[in-house]
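See below for the structure under consideration.
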Amino acid sequence: MSQIQAFRAALLHSLADPAEAGNADSHAYFDDGLLLVRDGKVLQAGPAAELLPTLPADVPVRHFADALICPGFIDTHIHYPQTGVIASYGTQLLDWLNTYTFPAEARFADPRHASEGAEVFVRELLRNGTTTALVFGTVHPQSVDAFFTVAERLDLRMIAGKVLMDRNAPDNLTDSAESGYTQSKALIERWHGKGRLHYAVTPRFAPTSSPEQLALAGKLFAEYPGLYMHTHLSENRGEIDWVKALFPERRDYLDVYEHYQLNGPRAVFAHGVHLCDDQCARLAGSGSAIAFCPTSNLFLGSGLFDLAKMERHGVRVGLGTDVGGGTSFSQLQSLGEAYKVLQLQGQSLTPFKSLYLATLGGAKALYLDQHLGNFLPGKDADFVVLDLKATPLIDYRLRQARSLEEKLFALITLGDDRVVQETFAAGNSVHRR
Ligand code: GUN
Ligand code: ZN
C-alpha cells in the first residue's frame with residue numbers, strides 16, 4: 001500500500017461561490033486541521049482530533065505551527081516571457097507592447113534564453129504559492145517546449161500555448177496562418193495530456209491575427225478534446241477602437257472571436273474591462289471565462305473591472321496576474337488590488353470571495369474543478385502553507401483579529417510571497433522559503 005502523507009495546521013478551503021452560497025456556506029475551516037494525501041491526491045481533510053486516531057501509527061505527520069494551509073493558487077492569465085519587463089515605466093497597452101514587450105518576446109527565439117526564462121518564471125510562481133497557471137508563451141514553439149519541460153519535471157498542472165500572431169507585429173515575432181496552425185498542432189501532439197499539462201490555442205488578440213489565422217485557430221480549438229483557447233478581450237479603449245477599424249463587419253469585439261468559434265467552455269479571455277451587458281450575457285451563455293487582472297488594469301491604466309456585472313450575468317471569472325502588464329506574481333497582492341478596484345466602484349470583495357477567486361473560482365473558470373480548487377477527496381494535492389507570522393506587522397495585525405474573516409482579510413491585504421512558507425504540487429514540496 002502506498003504511503004499516506006499527513007499535514008497538520010489550520011486548514012481553509014472554498015466549497016462554493018459566496019455570491020451563490022453566501023459567505024457562511026462558501027468554505028470549510030479547521031482551526032487544527034489535518035490534510036491527508038496519497039499518490040499525489042487528497043485523501044481527506046478535516047479536524048486533526050478526528051482524523052489522527054484513524055491513521056496507521058507509522059504515518060509521519062508534518063506539523064506547521066502558526067500556519068494556514070490553503071489550496072494552491074490559480075492564475076488564469078499570465079505571460080511567462082514578460083517576466084523580464086515587469087515594472088516597465090510610463091505607457092498604456094499598445095505603446096507598452098511595442099516599447100517593452102515585443103523586444104523582450106523576440107529574445108525567446110533562443111532556446112537557451114527560453115529555458116532560463118521558464119526556470120525563473122516557474123520558480124516565481126511557486127514562491128508565490130501559485131500551482132496552476134494559464135500561460136502565454138511567445139510566437140516561437142521552442143518557448144512552449146521550454147516552459148512545459150520545466151512544468152513536467154515538477155509534475156505541475158499547467159496550461160500554455162504558442163502565440164499566434166501574423167500581422168501588426170514585428171517581423172521577428174510573426175508566424176503565418178498556416179505555420180501557426182501547424183506548429184501549434186505539433187505542440188499539442190507533444191504536450192497536451194502529458195502528465196498534468198494542457199495546451200491552449202493562443203491568438204494574442206484580434207488585432208494581431210488575420211481573419212485566416214483566426215479561422216484556423218477556431219478549427220484547431222475544436223480538433224482535440226480538452227484544449228483551451230486563451231486570448232485578450234476589451235482591455236483598453238485604444239485597442240477596442242483598433243478592433244472596430246480592423247473588423248468593421250463584426251458587431252463588437254467579442255463578436256470577432258465568436259465569429260471564428262473561439263468561444264465556449266475552456267475559452268479564457270483576459271481582462272474584459274469594457275464589456276456591455278450583451279457581451280457579458282453572451283460570454284455566460286457560451287460558458288467562456290474572463291480573467292480579472294487587477295494589478296495590470298491599474299498599472300496599464302486600462303480601467304476598472306466590474307465584477308458585480310459579471311456576477312449578475314453569471315460569467316465565470318478567474319483571477320489573473322497578467323505579468324508583465326501586471327506588477328506582481330502574488331495572487332494575494334492581486335486580491336488586495338482587486339478589493340481597491342471594486343471599492344472605487346462602490347462594490348465589495350469579501351475575504352471568502354477572494355479565497356474563492358484565487359482557488360475554486362479559478363478552477364471553475366478553467367473547467368478544472370474536478371481536479372483543483374479545494375480539498376475534496378480525489379483532487380490533486382496542490383496546496384500552500386501560509387506563515388501567519390511572516391512579518392512583524394502581519395503577526396501583530398492577525399493577533400488583533402477577532403474572527404476568521406478579519407484574519408483572512410488582513411492576511412490577503414498585507415500578504416505576498418513573504419507569507420508563502422512552502423508550496424506543494426501533487427503532494428511534493430516544490431518550494432520552501
Ligand atoms: N493584449 C495583447 N497582448 C497583450 C499583452 O501581452 N499583455 C496585455 N496585458 N494585453 C495584451
Ligand atoms: Zn495579458
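Simple scheme: letters A, B, ... for chains in C-alpha cells order, numbers from 1 for residues in each chain, numbers from 1 for ligands in the order shown.
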Point to revise | Selection: 9 Å around Tyr228 (chain A), only C-alpha atoms, excl. self and same-chain fewer than 5 positions, as a ChimeraX atom specification | key: /A:159-161,198-202,221,265-268,366
Could those selected residues go to a file with N, CA and C atoms, as a PDB file, in the first residue's frame?
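Final output, result37.pdb:
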```pdb
ATOM      1  N   ILE A 159      -1.209  25.058 -18.012  1.00  0.00           N
ATOM      2  CA  ILE A 159      -1.799  25.216 -19.348  1.00  0.00           C
ATOM      3  C   ILE A 159      -0.993  26.296 -20.077  1.00  0.00           C
ATOM      4  N   ALA A 160      -0.590  26.022 -21.308  1.00  0.00           N
ATOM      5  CA  ALA A 160       0.174  27.036 -22.047  1.00  0.00           C
ATOM      6  C   ALA A 160      -0.001  26.841 -23.543  1.00  0.00           C
ATOM      7  N   GLY A 161       0.420  27.850 -24.284  1.00  0.00           N
ATOM      8  CA  GLY A 161       0.366  27.749 -25.742  1.00  0.00           C
ATOM      9  C   GLY A 161       1.279  28.750 -26.411  1.00  0.00           C
ATOM     10  N   HIS A 198      -1.757  20.820 -20.188  1.00  0.00           N
ATOM     11  CA  HIS A 198      -2.842  21.059 -21.159  1.00  0.00           C
ATOM     12  C   HIS A 198      -2.379  22.140 -22.127  1.00  0.00           C
ATOM     13  N   TYR A 199      -2.881  22.073 -23.345  1.00  0.00           N
ATOM     14  CA  TYR A 199      -2.487  23.066 -24.351  1.00  0.00           C
ATOM     15  C   TYR A 199      -3.603  24.088 -24.572  1.00  0.00           C
ATOM     16  N   ALA A 200      -3.183  25.346 -24.785  1.00  0.00           N
ATOM     17  CA  ALA A 200      -4.123  26.422 -25.115  1.00  0.00           C
ATOM     18  C   ALA A 200      -3.796  27.016 -26.483  1.00  0.00           C
ATOM     19  N   VAL A 201      -4.757  26.978 -27.377  1.00  0.00           N
ATOM     20  CA  VAL A 201      -4.648  27.706 -28.649  1.00  0.00           C
ATOM     21  C   VAL A 201      -4.650  29.194 -28.284  1.00  0.00           C
ATOM     22  N   THR A 202      -3.615  29.943 -28.731  1.00  0.00           N
ATOM     23  CA  THR A 202      -3.338  31.255 -28.140  1.00  0.00           C
ATOM     24  C   THR A 202      -3.180  32.394 -29.152  1.00  0.00           C
ATOM     25  N   PHE A 221      -9.010  24.652 -32.256  1.00  0.00           N
ATOM     26  CA  PHE A 221      -9.634  24.595 -30.918  1.00  0.00           C
ATOM     27  C   PHE A 221     -10.645  23.446 -30.844  1.00  0.00           C
ATOM     28  N   PRO A 265     -16.783  26.639 -23.592  1.00  0.00           N
ATOM     29  CA  PRO A 265     -16.066  26.085 -22.447  1.00  0.00           C
ATOM     30  C   PRO A 265     -14.558  26.006 -22.724  1.00  0.00           C
ATOM     31  N   ARG A 266     -13.763  26.412 -21.739  1.00  0.00           N
ATOM     32  CA  ARG A 266     -12.293  26.438 -21.802  1.00  0.00           C
ATOM     33  C   ARG A 266     -11.750  27.549 -22.698  1.00  0.00           C
ATOM     34  N   ALA A 267     -12.600  28.482 -23.129  1.00  0.00           N
ATOM     35  CA  ALA A 267     -12.107  29.718 -23.757  1.00  0.00           C
ATOM     36  C   ALA A 267     -11.961  30.744 -22.634  1.00  0.00           C
ATOM     37  N   VAL A 268     -10.760  31.321 -22.536  1.00  0.00           N
ATOM     38  CA  VAL A 268     -10.489  32.278 -21.460  1.00  0.00           C
ATOM     39  C   VAL A 268     -10.030  33.601 -22.071  1.00  0.00           C
ATOM     40  N   LEU A 366     -11.550  27.527 -15.403  1.00  0.00           N
ATOM     41  CA  LEU A 366     -10.730  26.686 -16.285  1.00  0.00           C
ATOM     42  C   LEU A 366     -11.317  25.283 -16.487  1.00  0.00           C
TER      43      LEU A 366
END
```
Check your understanding: Could you list, as number ranges by chain, all the residues within 7 Å of ligand 2, counting only C-alpha atoms and all ligand atoms?
Key -> A: 77-79, 232, 270, 322, 325
Kindly save the residues from that selection, with N, CA and C atoms included, as a PDB file, in the first residue's frame.
```pdb
ATOM      1  N   HIS A  77      -4.345  34.031 -15.981  1.00  0.00           N
ATOM      2  CA  HIS A  77      -3.772  34.758 -17.130  1.00  0.00           C
ATOM      3  C   HIS A  77      -2.400  35.333 -16.788  1.00  0.00           C
ATOM      4  N   ILE A  78      -1.384  34.830 -17.473  1.00  0.00           N
ATOM      5  CA  ILE A  78      -0.022  35.327 -17.238  1.00  0.00           C
ATOM      6  C   ILE A  78       0.836  35.048 -18.471  1.00  0.00           C
ATOM      7  N   HIS A  79       1.878  35.882 -18.668  1.00  0.00           N
ATOM      8  CA  HIS A  79       2.798  35.745 -19.812  1.00  0.00           C
ATOM      9  C   HIS A  79       4.183  35.404 -19.267  1.00  0.00           C
ATOM     10  N   HIS A 232      -6.888  37.877 -25.389  1.00  0.00           N
ATOM     11  CA  HIS A 232      -7.246  39.119 -24.687  1.00  0.00           C
ATOM     12  C   HIS A 232      -8.529  39.695 -25.283  1.00  0.00           C
ATOM     13  N   ALA A 270      -8.726  37.355 -21.340  1.00  0.00           N
ATOM     14  CA  ALA A 270      -8.140  38.203 -20.303  1.00  0.00           C
ATOM     15  C   ALA A 270      -8.752  39.597 -20.363  1.00  0.00           C
ATOM     16  N   ASP A 322      -1.492  38.650 -14.992  1.00  0.00           N
ATOM     17  CA  ASP A 322      -1.066  39.293 -16.241  1.00  0.00           C
ATOM     18  C   ASP A 322       0.346  39.871 -16.158  1.00  0.00           C
ATOM     19  N   GLY A 325       2.325  42.874 -17.733  1.00  0.00           N
ATOM     20  CA  GLY A 325       1.489  44.062 -17.588  1.00  0.00           C
ATOM     21  C   GLY A 325       1.104  44.220 -16.129  1.00  0.00           C
TER      22      GLY A 325
END
```
Practice item. Produce as number ranges by chain the set of residues near ligand 1, where near means within 10 Å with only C-alpha atoms and all ligand atoms considered. Key: A: 77-79, 81-82, 92-94, 96-98, 100-102, 105, 136-138, 163, 165, 203-208, 231-236, 239, 270-271, 293, 296-297, 299-300, 302, 321-326
Convert the current residue selection to file output with C-alpha atoms, as a PDB file, in the first residue's frame.
```pdb
ATOM      1  CA  HIS A  77      -3.772  34.758 -17.130  1.00  0.00           C
ATOM      2  CA  ILE A  78      -0.022  35.327 -17.238  1.00  0.00           C
ATOM      3  CA  HIS A  79       2.798  35.745 -19.812  1.00  0.00           C
ATOM      4  CA  PRO A  81       8.216  35.670 -21.440  1.00  0.00           C
ATOM      5  CA  GLN A  82       7.303  39.014 -19.884  1.00  0.00           C
ATOM      6  CA  GLN A  92      -0.571  52.144 -21.786  1.00  0.00           C
ATOM      7  CA  LEU A  93      -1.238  48.879 -23.594  1.00  0.00           C
ATOM      8  CA  LEU A  94      -0.400  49.490 -27.255  1.00  0.00           C
ATOM      9  CA  TRP A  96       3.742  49.205 -23.821  1.00  0.00           C
ATOM     10  CA  LEU A  97       3.596  46.252 -26.246  1.00  0.00           C
ATOM     11  CA  ASN A  98       5.788  47.995 -28.820  1.00  0.00           C
ATOM     12  CA  TYR A 100       8.883  46.799 -23.916  1.00  0.00           C
ATOM     13  CA  THR A 101       7.030  43.595 -24.624  1.00  0.00           C
ATOM     14  CA  PHE A 102       7.753  42.756 -28.238  1.00  0.00           C
ATOM     15  CA  GLU A 105       9.493  38.322 -26.504  1.00  0.00           C
ATOM     16  CA  PHE A 136       1.166  32.759 -22.781  1.00  0.00           C
ATOM     17  CA  GLY A 137       4.401  31.716 -24.484  1.00  0.00           C
ATOM     18  CA  THR A 138       5.800  33.664 -27.419  1.00  0.00           C
ATOM     19  CA  VAL A 163       1.237  32.808 -29.508  1.00  0.00           C
ATOM     20  CA  MET A 165       0.344  36.481 -34.474  1.00  0.00           C
ATOM     21  CA  PRO A 203      -4.159  34.007 -30.642  1.00  0.00           C
ATOM     22  CA  ARG A 204      -2.589  37.074 -28.963  1.00  0.00           C
ATOM     23  CA  PHE A 205      -5.637  39.306 -29.613  1.00  0.00           C
ATOM     24  CA  ALA A 206      -7.795  40.136 -32.607  1.00  0.00           C
ATOM     25  CA  PRO A 207      -5.577  42.973 -33.949  1.00  0.00           C
ATOM     26  CA  THR A 208      -2.517  40.746 -34.446  1.00  0.00           C
ATOM     27  CA  THR A 231      -6.600  35.489 -25.689  1.00  0.00           C
ATOM     28  CA  HIS A 232      -7.246  39.119 -24.687  1.00  0.00           C
ATOM     29  CA  LEU A 233     -10.563  40.993 -24.899  1.00  0.00           C
ATOM     30  CA  SER A 234     -11.645  44.598 -24.307  1.00  0.00           C
ATOM     31  CA  GLU A 235      -8.780  45.680 -22.113  1.00  0.00           C
ATOM     32  CA  ASN A 236      -8.044  49.207 -23.357  1.00  0.00           C
ATOM     33  CA  GLU A 239      -7.388  48.584 -28.535  1.00  0.00           C
ATOM     34  CA  ALA A 270      -8.140  38.203 -20.303  1.00  0.00           C
ATOM     35  CA  HIS A 271      -9.481  41.491 -18.938  1.00  0.00           C
ATOM     36  CA  CYS A 293      -6.288  41.099 -13.757  1.00  0.00           C
ATOM     37  CA  SER A 296      -2.406  45.036 -14.717  1.00  0.00           C
ATOM     38  CA  ASN A 297      -5.611  47.016 -15.250  1.00  0.00           C
ATOM     39  CA  PHE A 299      -0.746  49.651 -13.890  1.00  0.00           C
ATOM     40  CA  LEU A 300      -1.532  49.998 -17.620  1.00  0.00           C
ATOM     41  CA  SER A 302      -6.824  50.150 -18.646  1.00  0.00           C
ATOM     42  CA  THR A 321      -1.768  38.471 -12.567  1.00  0.00           C
ATOM     43  CA  ASP A 322      -1.066  39.293 -16.241  1.00  0.00           C
ATOM     44  CA  VAL A 323       2.647  39.622 -15.510  1.00  0.00           C
ATOM     45  CA  GLY A 324       4.402  41.590 -17.119  1.00  0.00           C
ATOM     46  CA  GLY A 325       1.489  44.062 -17.588  1.00  0.00           C
ATOM     47  CA  GLY A 326       0.621  43.087 -14.037  1.00  0.00           C
TER      48      GLY A 326
END
```
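Neighbouring residues of Leu344 (chain A) at 12 Å or closer, counting only C-alpha atoms and skipping chain neighbours under 6 positions away, are Leu298, Gly303, Leu304, Phe305, Asp306, Leu307, Glu337 and Ala338 of chain A.
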Write the residues of the preceding selection, restricted to N, CA and C atoms, as a PDB file, in the first residue's frame.
```pdb
ATOM      1  N   LEU A 298      -4.773  48.367 -13.420  1.00  0.00           N
ATOM      2  CA  LEU A 298      -4.388  49.625 -12.784  1.00  0.00           C
ATOM      3  C   LEU A 298      -3.069  50.129 -13.348  1.00  0.00           C
ATOM      4  N   GLY A 303      -8.508  50.423 -16.907  1.00  0.00           N
ATOM      5  CA  GLY A 303      -9.861  50.682 -16.416  1.00  0.00           C
ATOM      6  C   GLY A 303     -10.196  49.777 -15.248  1.00  0.00           C
ATOM      7  N   LEU A 304     -11.441  49.893 -14.788  1.00  0.00           N
ATOM      8  CA  LEU A 304     -11.882  49.181 -13.584  1.00  0.00           C
ATOM      9  C   LEU A 304     -12.809  48.031 -13.967  1.00  0.00           C
ATOM     10  N   PHE A 305     -12.427  46.839 -13.610  1.00  0.00           N
ATOM     11  CA  PHE A 305     -13.215  45.643 -13.916  1.00  0.00           C
ATOM     12  C   PHE A 305     -14.475  45.603 -13.054  1.00  0.00           C
ATOM     13  N   ASP A 306     -15.610  45.319 -13.697  1.00  0.00           N
ATOM     14  CA  ASP A 306     -16.904  45.347 -12.999  1.00  0.00           C
ATOM     15  C   ASP A 306     -17.323  43.922 -12.615  1.00  0.00           C
ATOM     16  N   LEU A 307     -16.886  43.481 -11.438  1.00  0.00           N
ATOM     17  CA  LEU A 307     -17.159  42.097 -11.010  1.00  0.00           C
ATOM     18  C   LEU A 307     -18.646  41.871 -10.757  1.00  0.00           C
ATOM     19  N   GLU A 337      -5.391  44.363  -4.643  1.00  0.00           N
ATOM     20  CA  GLU A 337      -5.709  45.379  -5.657  1.00  0.00           C
ATOM     21  C   GLU A 337      -7.136  45.209  -6.171  1.00  0.00           C
ATOM     22  N   ALA A 338      -7.597  43.956  -6.261  1.00  0.00           N
ATOM     23  CA  ALA A 338      -8.980  43.706  -6.698  1.00  0.00           C
ATOM     24  C   ALA A 338      -9.958  44.386  -5.745  1.00  0.00           C
TER      25      ALA A 338
END
```
Exercise for review: Mind the document's chain letters and residue numbers, and return as a PyMOL selection string the residues of region 273-403 of chain A that DSSP labels alpha helix (DSSP H).
Suggested key: chain A and resi 277-286+294-299+307-313+331-343+351-358+360-365+392-400
May I have the selected residues written with C-alpha atoms, as an mmCIF file, in the first residue's frame?
```
data_model
loop_
_atom_site.group_PDB
_atom_site.id
_atom_site.type_symbol
_atom_site.label_atom_id
_atom_site.label_comp_id
_atom_site.auth_asym_id
_atom_site.auth_seq_id
_atom_site.Cartn_x
_atom_site.Cartn_y
_atom_site.Cartn_z
ATOM 1 C CA ASP A 277 -24.386 43.723 -20.835
ATOM 2 C CA ASP A 278 -24.972 41.954 -24.107
ATOM 3 C CA GLN A 279 -21.352 40.802 -24.370
ATOM 4 C CA CYS A 280 -21.422 39.606 -20.731
ATOM 5 C CA ALA A 281 -24.604 37.636 -21.387
ATOM 6 C CA ARG A 282 -23.014 36.021 -24.452
ATOM 7 C CA LEU A 283 -19.884 35.070 -22.505
ATOM 8 C CA ALA A 284 -22.011 33.480 -19.801
ATOM 9 C CA GLY A 285 -24.233 31.728 -22.332
ATOM 10 C CA SER A 286 -21.293 30.126 -24.121
ATOM 11 C CA PRO A 294 -6.420 43.982 -11.278
ATOM 12 C CA THR A 295 -2.728 44.849 -10.931
ATOM 13 C CA SER A 296 -2.406 45.036 -14.717
ATOM 14 C CA ASN A 297 -5.611 47.016 -15.250
ATOM 15 C CA LEU A 298 -4.388 49.625 -12.784
ATOM 16 C CA PHE A 299 -0.746 49.651 -13.890
ATOM 17 C CA LEU A 307 -17.159 42.097 -11.010
ATOM 18 C CA ALA A 308 -20.765 42.719 -9.917
ATOM 19 C CA LYS A 309 -21.812 42.907 -13.564
ATOM 20 C CA MET A 310 -20.123 39.568 -14.263
ATOM 21 C CA GLU A 311 -21.886 38.019 -11.262
ATOM 22 C CA ARG A 312 -25.238 39.402 -12.467
ATOM 23 C CA HIS A 313 -24.757 37.697 -15.808
ATOM 24 C CA GLN A 331 -2.353 36.324 -6.009
ATOM 25 C CA LEU A 332 -2.589 37.809 -2.513
ATOM 26 C CA GLN A 333 -1.405 41.121 -3.942
ATOM 27 C CA SER A 334 -3.790 40.728 -6.883
ATOM 28 C CA LEU A 335 -6.647 40.284 -4.423
ATOM 29 C CA GLY A 336 -5.526 43.317 -2.453
ATOM 30 C CA GLU A 337 -5.709 45.379 -5.657
ATOM 31 C CA ALA A 338 -8.980 43.706 -6.698
ATOM 32 C CA TYR A 339 -10.512 44.935 -3.455
ATOM 33 C CA LYS A 340 -9.463 48.509 -4.305
ATOM 34 C CA VAL A 341 -10.719 48.247 -7.909
ATOM 35 C CA LEU A 342 -14.130 47.265 -6.576
ATOM 36 C CA GLN A 343 -14.053 49.894 -3.816
ATOM 37 C CA PRO A 351 -12.393 37.723 2.010
ATOM 38 C CA PHE A 352 -14.238 34.488 1.238
ATOM 39 C CA LYS A 353 -14.957 35.666 -2.301
ATOM 40 C CA SER A 354 -11.256 36.466 -2.579
ATOM 41 C CA LEU A 355 -10.323 32.960 -1.447
ATOM 42 C CA TYR A 356 -12.815 31.585 -3.971
ATOM 43 C CA LEU A 357 -11.441 33.661 -6.865
ATOM 44 C CA ALA A 358 -7.868 32.555 -6.217
ATOM 45 C CA LEU A 360 -12.086 27.171 -6.652
ATOM 46 C CA GLY A 361 -13.349 30.035 -8.830
ATOM 47 C CA GLY A 362 -10.189 29.849 -10.937
ATOM 48 C CA ALA A 363 -10.609 26.075 -11.175
ATOM 49 C CA LYS A 364 -14.209 26.535 -12.368
ATOM 50 C CA ALA A 365 -13.211 29.224 -14.864
ATOM 51 C CA PRO A 392 6.145 41.541 12.455
ATOM 52 C CA LEU A 393 3.249 43.594 11.093
ATOM 53 C CA ILE A 394 1.286 40.575 9.828
ATOM 54 C CA ASP A 395 1.847 38.799 13.141
ATOM 55 C CA TYR A 396 0.739 41.844 15.123
ATOM 56 C CA ARG A 397 -2.294 42.573 12.922
ATOM 57 C CA LEU A 398 -3.525 38.963 12.900
ATOM 58 C CA ARG A 399 -3.281 38.779 16.691
ATOM 59 C CA GLN A 400 -5.789 41.642 16.903
#
```
